[in-house]
Amino acid sequence: MAARKILTVAEIAAADRRAIEAGTPGIELMERAGAAVAEAIAERFSQRSVCVLCGPGNNGGDGYVVARLLKARGWPVEVRALAAPQSADAKAAAARWDGGLTAWEAPLEARLYVDAMFGAGLARPLSGDAATMATLLAAHPESVVAVDVPSGLPGDSGDPHGPVVVAALTVTFHAKKPAHVLQPGHELCGEVVVADIGLAEAHSDLTENGPEAWLVRFPWPKPNSHKHARGRLVVVSGEAWNTGAARLSARAGLRMGAGLVTLLSPSEALSVNATHLEAVMLKGFDTEAELEQAAADVDAAIIGPAAGVTENTLVNVLALARTGAALVIDADAITVFRDDPEELFSVLDVDDVLTPHPGEFDRLFPGLLKESPDRIAAARRAAQQADAIVLLKGGDTVIAAPDGRACVNTNGSPWLATAGSGDVLAGFIGSLIAQGMESFEAACAAAWIHAEAAELHGPGLIAEDLPGLAPTILRRLYEGRLG
Ligand SMILES: NC(=O)C1=CN([C@@H]2O[C@H](COP(=O)(O)OP(=O)(O)OC[C@H]3O[C@@H](n4cnc5c(N)ncnc54)[C@H](O)[C@@H]3O)[C@@H](O)[C@H]2O)[C@H](O)CC1
Ligand SMILES: [K+]
């Protein structure tokens with residue numbers, strides 16, 4: 001299965017134009033789009049009264065097609081026009097609708113509403129009658145189906161700057177747009193169906209996270225694997241009263257399949273760590289030189305979970321960067337570079353991963369999140385600046401690589417909003433990298449598995465549960481790896 005591409009509004013418009021230039025008339029694309037929406041509705045809802053709300057552009061044009069096709073199936077359909085159709089294709093689609101128009105302001109008495117007011121290319125916030133309608137419909141999202149995007153939602157950012165339709169189902173065409181995967185857009189769309197309308201494949205560096213993107217390269221053990229060949233991972237422990245977070249990472253790393261996981265602990269914290277470890281090994285260090293020595297032959301190293309925002313943490317990151325290990329830099333190991341992010345960036349490589357939440361992101365990349373059009377753009381620029389993989393955490397976690405690849409996680413789980421879940425994520429990432437997975441894909445796979453595990457548990461989840469939930473998700477992936 002191919003990775004699920006996400007196209008920007010400009011990219012989808014270009015794909016549209018290419019199809020038309022190659023000989024498919026625009027009205028034919030509109031017919032296919034409308035047919036896909038009608039089909040998705042008929043698959044999900046029993047026959048009921050429908051009100052189709054048509055805007056003046058091609059989104060409205062799709063709406064006239066939906067109206068005609070549902071009426072042909074015997075559904076009671078009324079159409080309301082926000083304004084007369086403007087484009088040639090929308091005019092043609094409207095001309096094929098023979099059911100007349102209902103006044104825009106008439107009472108809303110239908111059981112299902114098709115929002116075909118505006119598409120993803122919306123240039124300015126909804127106003128006037130469209131805004132009023134969006135507000136009225138927002139009271140009944142369960143009976144709203146959006147064509148392409150809920151009207152009012154800008155396709156590239158997913159961040160409405162005014163009234164917006166809230167839908168139970170959104171049918172979009174050819175590929176998702178950023179608005180379907182970024183919050184709050186993702187939430188406003190309800191279920192998203194991507195309909196094939198016969199456009200040619202378009203290139204995109206942006207994908208929606210899911211096993212299609214990385215499962216074929218997942219590092220399953222081979223029949224002749226032994227623990228030394230299954231990846232060596234180290235995790236740096238915090239000081240004696242701050243050791244749990246690193247142990248969570250280490251346990252997660254072991255669960256995710258690394259053959260050997262060692263906790264590298266300041267000597268004064270050895271005894272507290274020793275009383276809480278079984279399969280995870282333990283080694284002490286007192287100086288940065290000893291840390292460097294301890295990490296000399298490992299594949300991946302994690303530093304940051306409860307490491308402490310101290311000079312020690314800073315020099316420990318620099319020591320690990322002198323080894324050949326790929327680094328996962330999280331939490332305190334990010335914050336400790338807030339006064340001089342360049343000092344960190346200068347030692348990073350493209351196989352290293354930074355895992356900031358928005359606050360930590362802002363410490364390394366001041367202002368970038370605010371001044372970027374969206375989280376994807378921010379993460380991409382950050383990855384280029386740092387010359388490393390950046391995983392920007394959130395309900396819509398974005399993973400970006402310096403070469404421009406970006407991936408948005410859409411299975412995010414609210415149950416992950418609990419202390420220590422990030423430490424587990426770092427452990428999952430480090431483990432997959434240690435097992436030889438390319439760092440960008442390792443971060444994508446880890447983020448997806450992490451969220452699946454959280455959903456599996458649901459209410460009452462604590463971070464300690466997550467490593468133990470991973471095997472169920474891994475088994476599903478393992479059984480699905482061939483098909
Ligand atoms: N391949 C595809 O994806 C296909 C998509 N189709 C549908 O076409 C629309 C996009 O159509 P477009 O005409 O470009 O945009 P809109 O319908 O959203 O309307 C644009 C129209 O409205 C004006 N406008 C924009 N914002 C506002 C506003 N806030 N207030 C008032 N007026 C506004 C703008 O100036 C234009 O005049 C896509 O979503 C699909 O549904 C094709 O039918 C098939 C192929
Ligand atoms: K719409």
# chains A, B, ... in the order shown; residues from 1 in each chain; ligands from 1
$ residues_near_ligand --ligand "ligand 2" --cutoff "7 Å" --atoms "only C-alpha atoms and all ligand atoms" --output "MDAnalysis selection string"
chainID A and resid 59 115:119 146:151
$ residues_around --residues "region 260-262 of chain A" --least-positions-apart "6" --cutoff "6 Å" --atoms "only C-alpha atoms" --output "MDAnalysis selection string"
chainID A and resid 232:234 280:282
$ select_by_dssp --residues "region 70-204 of chain A" --states "alpha helix (DSSP H)" --output "PyMOL selection string"
chain A and resi 70-72+88-95+128-137+178-181+185-189
$ closest_atom_pairs --of "chain A" --to "ligand 1" --cutoff "7 Å" --atoms "only C-alpha atoms and all ligand atoms" --output "Markdown table"
| residue | atom | partner | partner_atom_place_in_ligand_line | distance |
| --- | --- | --- | --- | --- |
| A:Ile12 | CA | ligand 1 | 3 (O) | 5.8 |
| A:Ala13 | CA | ligand 1 | 1 (N) | 6.3 |
| A:Ala15 | CA | ligand 1 | 1 (N) | 6.7 |
| A:Asp16 | CA | ligand 1 | 1 (N) | 4.6 |
| A:Gly26 | CA | ligand 1 | 44 (C) | 6.7 |
| A:Leu29 | CA | ligand 1 | 44 (C) | 4.6 |
| A:Met30 | CA | ligand 1 | 43 (O) | 3.7 |
| A:Ala33 | CA | ligand 1 | 44 (C) | 5.5 |
| A:Gly55 | CA | ligand 1 | 17 (O) | 6.3 |
| A:Pro56 | CA | ligand 1 | 21 (C) | 5.7 |
| A:Gly57 | CA | ligand 1 | 17 (O) | 3.4 |
| A:Asn58 | CA | ligand 1 | 11 (O) | 3.8 |
| A:Asn59 | CA | ligand 1 | 41 (O) | 3.5 |
| A:Gly60 | CA | ligand 1 | 17 (O) | 5.6 |
| A:Gly61 | CA | ligand 1 | 43 (O) | 6.1 |
| A:Asp62 | CA | ligand 1 | 43 (O) | 5.1 |
| A:Gln86 | CA | ligand 1 | 37 (O) | 6.8 |
| A:Ser87 | CA | ligand 1 | 13 (O) | 6.8 |
| A:Met117 | CA | ligand 1 | 17 (O) | 6.7 |
| A:Phe118 | CA | ligand 1 | 18 (O) | 3.5 |
| A:Gly119 | CA | ligand 1 | 39 (O) | 3.2 |
| A:Ala120 | CA | ligand 1 | 39 (O) | 5.1 |
| A:Gly121 | CA | ligand 1 | 18 (O) | 5.4 |
| A:Leu122 | CA | ligand 1 | 26 (N) | 4.1 |
| A:Ala123 | CA | ligand 1 | 26 (N) | 4.5 |
| A:Arg124 | CA | ligand 1 | 29 (N) | 4.3 |
| A:Pro125 | CA | ligand 1 | 29 (N) | 4.7 |
| A:Leu126 | CA | ligand 1 | 29 (N) | 4.3 |
| A:Ser127 | CA | ligand 1 | 30 (N) | 6.1 |
| A:Val147 | CA | ligand 1 | 41 (O) | 5.7 |
| A:Asp148 | CA | ligand 1 | 39 (O) | 5.0 |
| A:Val149 | CA | ligand 1 | 39 (O) | 7.0 |
| A:Phe173 | CA | ligand 1 | 3 (O) | 4.9 |
| A:His174 | CA | ligand 1 | 1 (N) | 6.5 |
$ atom_distance --atom1 "CA of Leu112 (chain A)" --atom2 "CA of Ala81 (chain A)"
16.3 Å
